[in-house]
file work08.txt (compact mmCIF, C-alpha atoms and all ligand atoms)
# COMPACT_ATOMS: atom_id res chain seq x y z
CA MET U 2 -34.64 -11.13 6.16
CA THR U 3 -34.58 -14.92 6.32
CA GLY U 4 -32.45 -17.71 4.87
CA SER U 5 -29.02 -16.45 5.89
CA GLU U 6 -27.48 -19.35 3.94
CA LYS U 7 -28.31 -17.45 0.77
CA ALA U 8 -27.03 -14.10 1.99
CA GLU U 9 -24.12 -12.71 -0.01
CA ARG U 10 -21.00 -12.86 2.10
CA TYR U 11 -18.69 -10.03 3.12
CA ALA U 12 -16.22 -9.68 5.97
CA VAL U 13 -13.51 -7.56 7.52
CA MET U 14 -10.09 -9.15 7.96
CA GLY U 15 -7.48 -7.92 10.41
CA ASN U 16 -5.41 -8.76 13.46
CA PRO U 17 -6.69 -7.92 16.03
CA ILE U 18 -10.32 -7.82 14.89
CA ALA U 19 -12.52 -8.53 17.93
CA HIS U 20 -13.38 -4.86 18.51
CA SER U 21 -14.08 -3.98 14.89
CA LYS U 22 -17.27 -1.98 14.43
CA SER U 23 -17.51 -2.88 10.74
CA PRO U 24 -19.93 -5.83 11.20
CA LEU U 25 -22.34 -3.59 13.12
CA ILE U 26 -22.02 -0.73 10.61
CA HIS U 27 -22.60 -2.96 7.59
CA SER U 28 -25.51 -4.78 9.20
CA LEU U 29 -27.14 -1.38 9.85
CA PHE U 30 -26.48 -0.38 6.20
CA ALA U 31 -27.95 -3.70 4.99
CA GLN U 32 -31.04 -3.27 7.15
CA GLN U 33 -31.54 0.29 5.97
CA THR U 34 -31.21 -0.56 2.27
CA GLY U 35 -32.92 -3.98 2.39
CA GLN U 36 -29.84 -5.90 1.28
CA HIS U 37 -29.57 -9.59 2.02
CA MET U 38 -25.97 -9.90 3.09
CA GLN U 39 -23.87 -11.40 5.82
CA TYR U 40 -20.84 -9.52 7.17
CA ASP U 41 -18.38 -11.21 9.54
CA ALA U 42 -15.17 -10.27 11.32
CA ILE U 43 -12.32 -12.66 10.50
CA LEU U 44 -9.17 -12.83 12.61
CA VAL U 45 -6.27 -13.61 10.27
CA ASP U 46 -2.89 -15.03 11.32
CA MET U 47 -0.07 -12.56 10.81
CA ASP U 48 1.41 -14.74 8.05
CA GLY U 49 -1.89 -16.06 6.69
CA PHE U 50 -3.45 -13.14 4.84
CA GLU U 51 -3.22 -14.38 1.25
CA GLN U 52 -4.52 -17.81 2.18
CA ALA U 53 -7.40 -16.35 4.17
CA VAL U 54 -8.49 -14.22 1.21
CA ALA U 55 -8.23 -17.22 -1.16
CA GLU U 56 -10.36 -19.36 1.17
CA PHE U 57 -12.95 -16.62 1.53
CA ARG U 58 -13.24 -16.29 -2.25
CA GLN U 59 -13.41 -20.05 -2.77
CA ALA U 60 -16.26 -20.20 -0.27
CA GLY U 61 -18.18 -17.71 -2.44
CA GLY U 62 -17.33 -14.49 -0.61
CA HIS U 63 -18.22 -11.31 -2.51
CA GLY U 64 -16.04 -8.65 -0.91
CA LEU U 65 -13.77 -7.76 1.98
CA ASN U 66 -12.72 -4.88 4.13
CA ILE U 67 -9.09 -5.06 5.14
CA THR U 68 -7.72 -3.45 8.25
CA VAL U 69 -4.48 -3.27 10.24
CA PRO U 70 -1.96 -4.76 9.55
CA PHE U 71 -2.91 -6.12 6.13
CA LYS U 72 -3.74 -3.06 4.00
CA GLN U 73 -0.39 -3.08 2.19
CA GLN U 74 -0.62 -6.81 1.56
CA ALA U 75 -4.12 -6.30 0.18
CA TRP U 76 -2.71 -3.66 -2.16
CA ALA U 77 -0.13 -6.16 -3.43
CA LEU U 78 -2.73 -8.90 -3.78
CA ALA U 79 -5.22 -6.87 -5.82
CA SER U 80 -5.11 -7.65 -9.54
CA GLN U 81 -6.60 -4.25 -10.37
CA ARG U 82 -6.59 -1.08 -8.27
CA SER U 83 -8.41 2.24 -8.26
CA PRO U 84 -6.25 5.35 -8.79
CA ARG U 85 -6.86 6.42 -5.16
CA ALA U 86 -5.72 3.00 -3.88
CA GLU U 87 -2.67 3.25 -6.12
CA LEU U 88 -1.70 6.56 -4.50
CA ALA U 89 -2.52 5.39 -0.99
CA GLY U 90 -0.25 2.35 -1.36
CA ALA U 91 -2.86 0.50 0.66
CA VAL U 92 -6.20 -1.20 0.04
CA ASN U 93 -9.06 -1.38 2.55
CA THR U 94 -11.71 -2.75 0.20
CA LEU U 95 -11.58 -5.81 -2.05
CA ASP U 96 -14.37 -6.58 -4.48
CA PHE U 97 -14.60 -9.95 -6.25
CA SER U 98 -17.86 -9.35 -8.13
CA ALA U 99 -16.25 -8.88 -11.55
CA GLY U 100 -14.40 -12.19 -11.22
CA ASN U 101 -11.12 -10.47 -10.41
CA CYS U 102 -9.64 -9.07 -7.20
CA TYR U 103 -10.35 -5.33 -7.37
CA GLY U 104 -8.72 -3.17 -4.70
CA ASP U 105 -9.85 0.26 -3.58
CA ASN U 106 -9.13 2.57 -0.66
CA THR U 107 -12.08 4.41 0.85
CA ASP U 108 -10.34 5.91 3.92
CA GLY U 109 -9.54 9.26 2.32
CA ILE U 110 -12.97 9.86 0.82
CA GLY U 111 -14.41 8.78 4.19
CA LEU U 112 -12.43 11.52 5.92
CA VAL U 113 -13.34 14.16 3.32
CA ARG U 114 -17.07 13.29 3.51
CA ASP U 115 -17.03 13.43 7.29
CA LEU U 116 -15.30 16.83 7.26
CA GLN U 117 -17.44 18.34 4.51
CA ASP U 118 -20.85 16.67 4.74
CA ASN U 119 -21.15 15.84 8.44
CA HIS U 120 -19.21 18.75 9.94
CA GLN U 121 -19.82 21.33 7.18
CA LEU U 122 -16.14 22.26 6.90
CA THR U 123 -14.72 23.83 3.76
CA LEU U 124 -11.36 22.45 2.65
CA GLN U 125 -10.81 24.58 -0.43
CA GLY U 126 -8.31 27.37 0.22
CA GLN U 127 -7.61 26.22 3.79
CA ASP U 128 -4.33 25.83 5.63
CA ILE U 129 -4.18 22.22 6.78
CA LEU U 130 -1.72 20.58 9.16
CA VAL U 131 -1.63 16.79 9.05
CA LEU U 132 0.18 15.08 11.93
CA GLY U 133 1.87 11.74 11.26
CA ALA U 134 3.47 10.15 8.23
CA GLY U 135 2.44 6.51 8.44
CA GLY U 136 -0.01 4.46 6.42
CA ALA U 137 -3.07 6.16 7.92
CA VAL U 138 -1.91 9.57 6.68
CA ARG U 139 -0.75 8.33 3.30
CA GLY U 140 -4.26 6.94 2.73
CA VAL U 141 -5.95 10.33 3.04
CA LEU U 142 -3.59 12.78 1.33
CA ALA U 143 -4.81 12.47 -2.28
CA PRO U 144 -8.52 12.97 -1.46
CA LEU U 145 -7.61 15.94 0.77
CA LEU U 146 -5.48 17.55 -1.96
CA GLU U 147 -8.29 16.99 -4.45
CA GLN U 148 -10.33 19.52 -2.45
CA GLN U 149 -7.69 22.17 -3.28
CA PRO U 150 -6.61 23.40 0.15
CA ARG U 151 -4.23 26.39 0.10
CA ARG U 152 -1.57 24.06 1.44
CA ILE U 153 -1.04 20.91 3.45
CA ILE U 154 1.87 20.62 5.85
CA ILE U 155 2.71 17.14 7.09
CA GLY U 156 4.31 17.36 10.53
CA ASN U 157 5.90 14.22 11.90
CA ARG U 158 8.08 13.23 14.85
CA THR U 159 10.53 11.75 12.33
CA ALA U 160 11.02 14.61 9.87
CA THR U 161 12.46 12.53 7.01
CA LYS U 162 9.29 10.45 6.78
CA ALA U 163 7.17 13.59 6.41
CA VAL U 164 9.47 15.00 3.74
CA GLU U 165 9.44 11.73 1.78
CA LEU U 166 5.67 11.39 2.02
CA ALA U 167 5.07 14.96 0.86
CA ALA U 168 7.33 14.37 -2.16
CA LEU U 169 5.10 11.45 -3.23
CA PHE U 170 2.09 13.77 -3.44
CA ALA U 171 3.73 17.01 -4.61
CA HIS U 172 2.29 16.60 -8.13
CA LEU U 173 -1.24 16.85 -6.70
CA GLY U 174 -0.99 20.19 -4.92
CA ASN U 175 0.82 22.40 -2.42
CA ILE U 176 2.21 19.98 0.16
CA GLU U 177 5.28 20.06 2.34
CA GLY U 178 6.71 17.76 5.02
CA MET U 179 8.75 18.64 8.13
CA GLY U 180 9.55 17.74 11.71
CA LEU U 181 7.21 18.88 14.50
CA ASP U 182 9.78 21.36 15.80
CA ALA U 183 9.99 23.06 12.39
CA LEU U 184 6.24 23.71 12.10
CA PRO U 185 5.29 27.35 11.46
CA GLN U 186 4.27 29.16 14.66
CA GLN U 187 0.90 30.20 13.31
CA PRO U 188 -2.68 28.93 13.51
CA PHE U 189 -3.92 26.40 10.97
CA ASP U 190 -7.55 26.25 9.81
CA LEU U 191 -7.60 22.50 10.27
CA ILE U 192 -5.30 20.15 12.17
CA ILE U 193 -5.77 16.44 11.48
CA ASN U 194 -4.17 13.93 13.81
CA GLY U 195 -3.15 10.81 11.91
CA THR U 196 -0.53 9.63 14.42
CA ALA U 197 -0.94 6.68 16.72
CA ALA U 198 -0.29 8.93 19.76
CA SER U 199 -3.94 9.13 20.93
CA LEU U 200 -4.00 5.32 21.11
CA HIS U 201 -1.47 5.53 23.90
CA GLY U 202 -2.94 8.66 25.49
CA GLU U 203 0.12 10.66 24.42
CA VAL U 204 0.17 14.25 23.22
CA VAL U 205 1.96 14.99 19.94
CA PRO U 206 4.42 17.82 20.69
CA VAL U 207 3.01 20.39 18.26
CA PRO U 208 3.75 24.10 18.83
CA GLU U 209 0.80 25.64 20.69
CA ALA U 210 0.75 28.53 18.21
CA CYS U 211 -0.57 26.11 15.55
CA VAL U 212 -3.96 26.19 17.30
CA GLY U 213 -5.95 29.41 17.02
CA ASP U 214 -9.46 30.33 18.11
CA SER U 215 -10.87 29.53 14.68
CA SER U 216 -8.87 26.29 14.24
CA CYS U 217 -10.65 23.00 13.87
CA ALA U 218 -9.05 19.82 15.26
CA TYR U 219 -9.87 16.39 13.86
CA ASP U 220 -8.56 13.12 15.31
CA MET U 221 -8.68 10.16 12.94
CA MET U 222 -8.95 8.02 16.09
CA TYR U 223 -12.22 7.82 17.99
CA ALA U 224 -13.30 6.94 21.50
CA ALA U 225 -16.31 7.19 23.79
CA GLN U 226 -14.77 10.31 25.33
CA ALA U 227 -12.74 13.10 23.74
CA THR U 228 -9.33 11.79 22.66
CA THR U 229 -6.07 13.16 24.10
CA PHE U 230 -5.56 15.15 20.91
CA MET U 231 -9.04 16.68 21.07
CA THR U 232 -8.59 17.68 24.70
CA TRP U 233 -5.22 19.22 23.89
CA ALA U 234 -6.72 21.31 21.06
CA GLN U 235 -9.76 22.26 23.13
CA ASP U 236 -7.55 23.47 25.98
CA LEU U 237 -5.68 25.69 23.50
CA GLY U 238 -8.97 27.28 22.41
CA ALA U 239 -9.74 25.44 19.15
CA ALA U 240 -13.16 26.38 17.75
CA LYS U 241 -14.21 22.80 16.99
CA CYS U 242 -12.92 19.31 17.81
CA PHE U 243 -14.07 16.06 16.23
CA ASP U 244 -13.05 12.42 16.45
CA GLY U 245 -12.89 9.94 13.59
CA LEU U 246 -16.09 7.96 14.18
CA GLY U 247 -17.76 9.68 11.23
CA MET U 248 -14.76 8.84 9.03
CA LEU U 249 -15.11 5.19 10.02
CA VAL U 250 -18.76 5.11 9.00
CA GLU U 251 -18.18 7.11 5.79
CA GLN U 252 -15.36 4.83 4.61
CA ALA U 253 -17.66 1.88 5.28
CA ALA U 254 -20.45 3.54 3.28
CA GLU U 255 -18.12 3.95 0.31
CA SER U 256 -17.12 0.26 0.52
CA PHE U 257 -20.81 -0.64 0.67
CA TYR U 258 -21.36 1.44 -2.45
CA ILE U 259 -18.53 -0.36 -4.28
CA TRP U 260 -20.10 -3.74 -3.46
CA ARG U 261 -23.83 -3.02 -3.62
CA LYS U 262 -24.05 0.14 -5.79
CA LEU U 263 -26.22 1.72 -3.11
CA ARG U 264 -25.42 4.67 -0.84
CA PRO U 265 -26.63 4.14 2.71
CA GLN U 266 -27.54 7.15 4.83
CA THR U 267 -24.80 7.55 7.35
CA ALA U 268 -26.09 10.06 9.94
CA ALA U 269 -28.35 7.59 11.75
CA VAL U 270 -25.60 4.97 11.77
CA ILE U 271 -23.05 7.40 13.22
CA ALA U 272 -25.58 8.38 15.91
CA ALA U 273 -26.33 4.73 16.74
CA LEU U 274 -22.63 3.93 17.11
CA ARG U 275 -22.03 6.99 19.27
CA THR U 276 -24.86 6.01 21.61
CA ARG U 277 -23.66 2.44 21.82
CA MET U 278 -20.07 3.51 22.55
CA ARG U 279 -21.22 5.82 25.35
CA ASP U 280 -23.48 3.13 26.83
CA ASP U 281 -20.63 0.60 26.73
CA ALA U 282 -18.30 3.09 28.42
CA HIS U 283 -20.80 3.57 31.26
CA GLN U 284 -21.19 -0.14 31.96
P1 LIG L 301 -0.23 3.84 10.69
O1 LIG L 301 -0.01 2.92 9.54
O2 LIG L 301 -1.43 3.52 11.54
O3 LIG L 301 -0.21 5.28 10.29
P2 LIG L 301 2.53 3.83 11.54
O4 LIG L 301 2.99 3.62 10.16
O5 LIG L 301 3.17 3.06 12.65
O6 LIG L 301 0.98 3.56 11.70
O7 LIG L 301 2.65 5.39 11.85
C1 LIG L 301 2.36 5.91 13.09
C2 LIG L 301 2.56 7.42 13.04
O8 LIG L 301 2.30 7.95 14.34
C3 LIG L 301 3.96 7.85 12.69
O9 LIG L 301 3.89 9.05 11.97
C4 LIG L 301 4.60 8.06 14.06
O10 LIG L 301 5.70 8.95 14.05
P3 LIG L 301 7.17 8.43 13.61
O11 LIG L 301 7.14 8.35 12.12
O12 LIG L 301 8.10 9.44 14.11
O13 LIG L 301 7.34 7.07 14.26
C5 LIG L 301 3.45 8.67 14.79
N1 LIG L 301 3.51 8.54 16.26
C6 LIG L 301 3.27 7.44 17.00
N2 LIG L 301 3.34 7.70 18.32
C7 LIG L 301 3.64 9.03 18.42
C8 LIG L 301 3.83 9.93 19.51
N3 LIG L 301 3.76 9.52 20.78
N4 LIG L 301 4.12 11.22 19.22
C9 LIG L 301 4.21 11.65 17.94
N5 LIG L 301 4.03 10.85 16.87
C10 LIG L 301 3.74 9.56 17.10
call {"tool": "encode", "arguments": {"input": "work08.txt", "output": "structure tokens", "more": "lines below"}}
Ligand code: ATR
result
Amino acid sequence: MTGSEKAERYAVMGNPIAHSKSPLIHSLFAQQTGQHMQYDAILVDMDGFEQAVAEFRQAGGHGLNITVPFKQQAWALASQRSPRAELAGAVNTLDFSAGNCYGDNTDGIGLVRDLQDNHQLTLQGQDILVLGAGGAVRGVLAPLLEQQPRRIIIGNRTATKAVELAALFAHLGNIEGMGLDALPQQPFDLIINGTAASLHGEVVPVPEACVGDSSCAYDMMYAAQATTFMTWAQDLGAAKCFDGLGMLVEQAAESFYIWRKLRPQTAAVIAALRTRMRDDAHQ
């Protein structure tokens, strides 16, 4: 690929942004599919999101990924939104190719693809516990419910937030919200950690009985080593534990599809990122 001045421009915007893996992921997708595109990471001032998007568009930018803390602002800015973005209340993908500002949210489908395609888990008919009731969890509930689990329980440190969030999605399936201390003392098929606790190395106080020997634990966070949540579940005898690296790559692949109408193969990209993360951790 030569002539980068002609490459179609994309970027991820966030604050902080220095450690974003999106530029690497999208450059691997572009290489794999022969697309001539440039993908940058743009650090945006906390009060400068709208202006940054306007400048990017004026400079001929084609599309954006949006990350923390601007996903709600991106939702508000979008002139048209996909149904899944509407439900998520947040937008992580903007596409300008139709001349408007189209907003989508690919986080939930990224999680579902990682669970089903990469880890061969069945969601239909399963008992699922989702921990946390912030934006990260809200973004994945509709695509999870679409797979028709037997039920989803949202467990959160602040019970009222879980109850309110569940009510927003009750029309889509069997979903209930409660405090962590009210969780049923029985094993779940799948426990998804969508809290920020692993970021701080903290354990979410979930009843140990929620983890059984056929439970699967999935942390939406990822790290070079097992996260605190994964170690906690492993110690309680969970059958399988995964981190969210695959979700990160799958949500990126869906954004790439929205922009380029091509589906990159994700397995090699996930493997490349995993290797790089482990190498970096050993340096
Ligand atoms: P995000 O948009 O990334 O989801 P958020 O809206 O700040 O971030 O939500 C963070 C979630 O992690 C919340 O559900 C929070 O619980 P509260 O609603 O009670 O604040 C949860 N969380 C953060 N740290 C936690 C910890 N140490 N233990 C349990 N839950 C934690």
call {"tool": "residues_near_ligand", "arguments": {"input": "work08.txt", "ligand": "ligand LIG 301 (chain L)", "cutoff": "12 Å", "atoms": "only C-alpha atoms and all ligand atoms", "output": "mmCIF file with C-alpha atoms, in the frame of the given file"}}
result
data_model
loop_
_atom_site.group_PDB
_atom_site.id
_atom_site.type_symbol
_atom_site.label_atom_id
_atom_site.label_comp_id
_atom_site.auth_asym_id
_atom_site.auth_seq_id
_atom_site.Cartn_x
_atom_site.Cartn_y
_atom_site.Cartn_z
ATOM 1 C CA THR U 68 -7.720 -3.450 8.250
ATOM 2 C CA VAL U 69 -4.480 -3.270 10.240
ATOM 3 C CA PRO U 70 -1.960 -4.760 9.550
ATOM 4 C CA PHE U 71 -2.910 -6.120 6.130
ATOM 5 C CA LYS U 72 -3.740 -3.060 4.000
ATOM 6 C CA GLN U 73 -0.390 -3.080 2.190
ATOM 7 C CA ALA U 89 -2.520 5.390 -0.990
ATOM 8 C CA GLY U 90 -0.250 2.350 -1.360
ATOM 9 C CA ALA U 91 -2.860 0.500 0.660
ATOM 10 C CA ASP U 108 -10.340 5.910 3.920
ATOM 11 C CA VAL U 131 -1.630 16.790 9.050
ATOM 12 C CA LEU U 132 0.180 15.080 11.930
ATOM 13 C CA GLY U 133 1.870 11.740 11.260
ATOM 14 C CA ALA U 134 3.470 10.150 8.230
ATOM 15 C CA GLY U 135 2.440 6.510 8.440
ATOM 16 C CA GLY U 136 -0.010 4.460 6.420
ATOM 17 C CA ALA U 137 -3.070 6.160 7.920
ATOM 18 C CA VAL U 138 -1.910 9.570 6.680
ATOM 19 C CA ARG U 139 -0.750 8.330 3.300
ATOM 20 C CA GLY U 140 -4.260 6.940 2.730
ATOM 21 C CA VAL U 141 -5.950 10.330 3.040
ATOM 22 C CA ILE U 155 2.710 17.140 7.090
ATOM 23 C CA GLY U 156 4.310 17.360 10.530
ATOM 24 C CA ASN U 157 5.900 14.220 11.900
ATOM 25 C CA ARG U 158 8.080 13.230 14.850
ATOM 26 C CA THR U 159 10.530 11.750 12.330
ATOM 27 C CA ALA U 160 11.020 14.610 9.870
ATOM 28 C CA THR U 161 12.460 12.530 7.010
ATOM 29 C CA LYS U 162 9.290 10.450 6.780
ATOM 30 C CA ALA U 163 7.170 13.590 6.410
ATOM 31 C CA VAL U 164 9.470 15.000 3.740
ATOM 32 C CA GLU U 165 9.440 11.730 1.780
ATOM 33 C CA LEU U 166 5.670 11.390 2.020
ATOM 34 C CA GLY U 178 6.710 17.760 5.020
ATOM 35 C CA MET U 179 8.750 18.640 8.130
ATOM 36 C CA GLY U 180 9.550 17.740 11.710
ATOM 37 C CA LEU U 181 7.210 18.880 14.500
ATOM 38 C CA ASP U 182 9.780 21.360 15.800
ATOM 39 C CA ASN U 194 -4.170 13.930 13.810
ATOM 40 C CA GLY U 195 -3.150 10.810 11.910
ATOM 41 C CA THR U 196 -0.530 9.630 14.420
ATOM 42 C CA ALA U 197 -0.940 6.680 16.720
ATOM 43 C CA ALA U 198 -0.290 8.930 19.760
ATOM 44 C CA SER U 199 -3.940 9.130 20.930
ATOM 45 C CA LEU U 200 -4.000 5.320 21.110
ATOM 46 C CA HIS U 201 -1.470 5.530 23.900
ATOM 47 C CA GLY U 202 -2.940 8.660 25.490
ATOM 48 C CA GLU U 203 0.120 10.660 24.420
ATOM 49 C CA VAL U 204 0.170 14.250 23.220
ATOM 50 C CA VAL U 205 1.960 14.990 19.940
ATOM 51 C CA PRO U 206 4.420 17.820 20.690
ATOM 52 C CA VAL U 207 3.010 20.390 18.260
ATOM 53 C CA MET U 221 -8.680 10.160 12.940
ATOM 54 C CA MET U 222 -8.950 8.020 16.090
ATOM 55 C CA THR U 229 -6.070 13.160 24.100
ATOM 56 C CA PHE U 230 -5.560 15.150 20.910
#
call {"tool": "atom_distance", "arguments": {"input": "work08.txt", "atom1": "atom CA of Ile110 of chain U", "atom2": "atom CA of Gly247 of chain U"}}
result
11.5 Å
call {"tool": "atom_distance", "arguments": {"input": "work08.txt", "atom1": "atom CA of Gln39 of chain U", "atom2": "atom CA of Arg279 of chain U"}}
result
26.2 Å
call {"tool": "atom_distance", "arguments": {"input": "work08.txt", "atom1": "atom CA of Ala79 of chain U", "atom2": "atom CA of Asp46 of chain U"}}
result
19.1 Å
call {"tool": "closest_residue", "arguments": {"input": "work08.txt", "among": "U:Asp41, U:Glu9, U:Asp281, U:Asp96", "to": "Tyr258 of chain U", "atoms": "only C-alpha atoms"}}
result
U:Asp96
call {"tool": "closest_residue", "arguments": {"input": "work08.txt", "among": "U:Asp115, U:Asp128, U:Glu209, U:Glu56", "to": "Ile153 of chain U", "atoms": "all atoms listed in the file"}}
result
U:Asp128
call {"tool": "closest_residue", "arguments": {"input": "work08.txt", "among": "U:Ile192, U:Ala168, U:Ala224, U:Val270", "to": "Ala282 of chain U", "atoms": "only C-alpha atoms"}}
result
U:Ala224
call {"tool": "closest_residue", "arguments": {"input": "work08.txt", "among": "U:Ala253, U:Tyr223, U:Asp105, U:Ala239", "to": "Pro265 of chain U", "atoms": "all atoms listed in the file"}}
result
U:Ala253
call {"tool": "axis_aligned_box", "arguments": {"input": "work08.txt", "around": "segment 131-149 of chain U", "padding_each_side": "8 Å", "output": "JSON"}}
result
{"center_x": -3.4, "center_y": 13.3, "center_z": 3.7, "size_x": 29.8, "size_y": 33.7, "size_z": 32.4}
call {"tool": "residues_near_point", "arguments": {"input": "work08.txt", "point": "(-3.5, -8.3, 10.9)", "cutoff": "12 Å", "atoms": "only C-alpha atoms", "output": "list in words"}}
result
Val13, Met14, Gly15, Asn16, Pro17, Ile18, Ala19, Ala42, Ile43, Leu44, Val45, Asp46, Met47, Asp48, Gly49, Phe50, Glu51, Ala53, Asn66, Ile67, Thr68, Val69, Pro70, Phe71, Lys72, Gln73, Gln74 and Ala75 of chain U
call {"tool": "residues_around", "arguments": {"input": "work08.txt", "residues": "Leu116 of chain U", "least_positions_apart": "2", "cutoff": "12 Å", "atoms": "only C-alpha atoms", "output": "JSON list (two decimals) with C-alpha atoms, in the frame of the given file"}}
result
[["chain", "number", "residue", "atom", "x", "y", "z"],
["U", 109, "GLY", "CA", -9.54, 9.26, 2.32],
["U", 110, "ILE", "CA", -12.97, 9.86, 0.82],
["U", 111, "GLY", "CA", -14.41, 8.78, 4.19],
["U", 112, "LEU", "CA", -12.43, 11.52, 5.92],
["U", 113, "VAL", "CA", -13.34, 14.16, 3.32],
["U", 114, "ARG", "CA", -17.07, 13.29, 3.51],
["U", 118, "ASP", "CA", -20.85, 16.67, 4.74],
["U", 119, "ASN", "CA", -21.15, 15.84, 8.44],
["U", 120, "HIS", "CA", -19.21, 18.75, 9.94],
["U", 121, "GLN", "CA", -19.82, 21.33, 7.18],
["U", 122, "LEU", "CA", -16.14, 22.26, 6.90],
["U", 123, "THR", "CA", -14.72, 23.83, 3.76],
["U", 124, "LEU", "CA", -11.36, 22.45, 2.65],
["U", 125, "GLN", "CA", -10.81, 24.58, -0.43],
["U", 144, "PRO", "CA", -8.52, 12.97, -1.46],
["U", 145, "LEU", "CA", -7.61, 15.94, 0.77],
["U", 148, "GLN", "CA", -10.33, 19.52, -2.45],
["U", 191, "LEU", "CA", -7.60, 22.50, 10.27],
["U", 192, "ILE", "CA", -5.30, 20.15, 12.17],
["U", 193, "ILE", "CA", -5.77, 16.44, 11.48],
["U", 217, "CYS", "CA", -10.65, 23.00, 13.87],
["U", 218, "ALA", "CA", -9.05, 19.82, 15.26],
["U", 219, "TYR", "CA", -9.87, 16.39, 13.86],
["U", 220, "ASP", "CA", -8.56, 13.12, 15.31],
["U", 221, "MET", "CA", -8.68, 10.16, 12.94],
["U", 241, "LYS", "CA", -14.21, 22.80, 16.99],
["U", 242, "CYS", "CA", -12.92, 19.31, 17.81],
["U", 243, "PHE", "CA", -14.07, 16.06, 16.23],
["U", 244, "ASP", "CA", -13.05, 12.42, 16.45],
["U", 245, "GLY", "CA", -12.89, 9.94, 13.59],
["U", 246, "LEU", "CA", -16.09, 7.96, 14.18],
["U", 247, "GLY", "CA", -17.76, 9.68, 11.23],
["U", 248, "MET", "CA", -14.76, 8.84, 9.03],
["U", 249, "LEU", "CA", -15.11, 5.19, 10.02],
["U", 251, "GLU", "CA", -18.18, 7.11, 5.79]]
call {"tool": "residues_around", "arguments": {"input": "work08.txt", "residues": "Pro185 of chain U", "least_positions_apart": "5", "cutoff": "9 Å", "atoms": "only C-alpha atoms", "output": "PyMOL selection string"}}
result
chain U and resi 208+210-211
call {"tool": "residues_around", "arguments": {"input": "work08.txt", "residues": "Gln33 of chain U", "least_positions_apart": "4", "cutoff": "9 Å", "atoms": "all atoms listed in the file", "output": "count of residues only"}}
result
4
call {"tool": "closest_residue", "arguments": {"input": "work08.txt", "among": "U:Arg261, U:Arg275, U:Ser256, U:Glu177", "to": "Ser98 of chain U", "atoms": "all atoms listed in the file"}}
result
U:Arg261
call {"tool": "closest_residue", "arguments": {"input": "work08.txt", "among": "U:Ala183, U:Ala240, U:Ile259, U:Ala143", "to": "Leu65 of chain U", "atoms": "only C-alpha atoms"}}
result
U:Ile259
call {"tool": "decode", "arguments": {"input": "work08.txt", "residues": "segment 170-179 of chain U", "atoms": "N, CA, C and O atoms", "output": "PDB file, in the first residue's frame"}}
result
ATOM      1  N   PHE U 170     -35.015  -3.037  29.751  1.00  0.00           N
ATOM      2  CA  PHE U 170     -34.881  -4.114  28.766  1.00  0.00           C
ATOM      3  C   PHE U 170     -35.913  -5.226  28.948  1.00  0.00           C
ATOM      4  O   PHE U 170     -35.865  -6.229  28.242  1.00  0.00           O
ATOM      5  N   ALA U 171     -36.856  -5.016  29.886  1.00  0.00           N
ATOM      6  CA  ALA U 171     -37.794  -6.084  30.238  1.00  0.00           C
ATOM      7  C   ALA U 171     -38.664  -6.501  29.048  1.00  0.00           C
ATOM      8  O   ALA U 171     -39.122  -7.648  28.981  1.00  0.00           O
ATOM      9  N   HIS U 172     -38.862  -5.606  28.083  1.00  0.00           N
ATOM     10  CA  HIS U 172     -39.707  -5.950  26.929  1.00  0.00           C
ATOM     11  C   HIS U 172     -38.984  -6.894  25.964  1.00  0.00           C
ATOM     12  O   HIS U 172     -39.589  -7.436  25.048  1.00  0.00           O
ATOM     13  N   LEU U 173     -37.687  -7.108  26.189  1.00  0.00           N
ATOM     14  CA  LEU U 173     -36.910  -7.948  25.264  1.00  0.00           C
ATOM     15  C   LEU U 173     -36.694  -9.371  25.767  1.00  0.00           C
ATOM     16  O   LEU U 173     -36.164 -10.208  25.038  1.00  0.00           O
ATOM     17  N   GLY U 174     -37.065  -9.643  27.015  1.00  0.00           N
ATOM     18  CA  GLY U 174     -36.850 -10.994  27.521  1.00  0.00           C
ATOM     19  C   GLY U 174     -36.919 -11.044  29.037  1.00  0.00           C
ATOM     20  O   GLY U 174     -37.296 -10.064  29.691  1.00  0.00           O
ATOM     21  N   ASN U 175     -36.519 -12.182  29.579  1.00  0.00           N
ATOM     22  CA  ASN U 175     -36.581 -12.421  31.024  1.00  0.00           C
ATOM     23  C   ASN U 175     -35.346 -11.823  31.692  1.00  0.00           C
ATOM     24  O   ASN U 175     -34.262 -12.414  31.645  1.00  0.00           O
ATOM     25  N   ILE U 176     -35.505 -10.655  32.295  1.00  0.00           N
ATOM     26  CA  ILE U 176     -34.364  -9.964  32.883  1.00  0.00           C
ATOM     27  C   ILE U 176     -34.783  -9.293  34.188  1.00  0.00           C
ATOM     28  O   ILE U 176     -35.885  -8.744  34.292  1.00  0.00           O
ATOM     29  N   GLU U 177     -33.893  -9.394  35.171  1.00  0.00           N
ATOM     30  CA  GLU U 177     -34.202  -8.894  36.497  1.00  0.00           C
ATOM     31  C   GLU U 177     -32.940  -8.249  37.079  1.00  0.00           C
ATOM     32  O   GLU U 177     -31.831  -8.721  36.811  1.00  0.00           O
ATOM     33  N   GLY U 178     -33.122  -7.193  37.876  1.00  0.00           N
ATOM     34  CA  GLY U 178     -31.964  -6.538  38.487  1.00  0.00           C
ATOM     35  C   GLY U 178     -32.035  -6.593  40.000  1.00  0.00           C
ATOM     36  O   GLY U 178     -33.126  -6.545  40.572  1.00  0.00           O
ATOM     37  N   MET U 179     -30.874  -6.702  40.660  1.00  0.00           N
ATOM     38  CA  MET U 179     -30.855  -6.761  42.136  1.00  0.00           C
ATOM     39  C   MET U 179     -29.456  -6.424  42.654  1.00  0.00           C
ATOM     40  O   MET U 179     -28.489  -6.367  41.892  1.00  0.00           O
TER      41      MET U 179
END
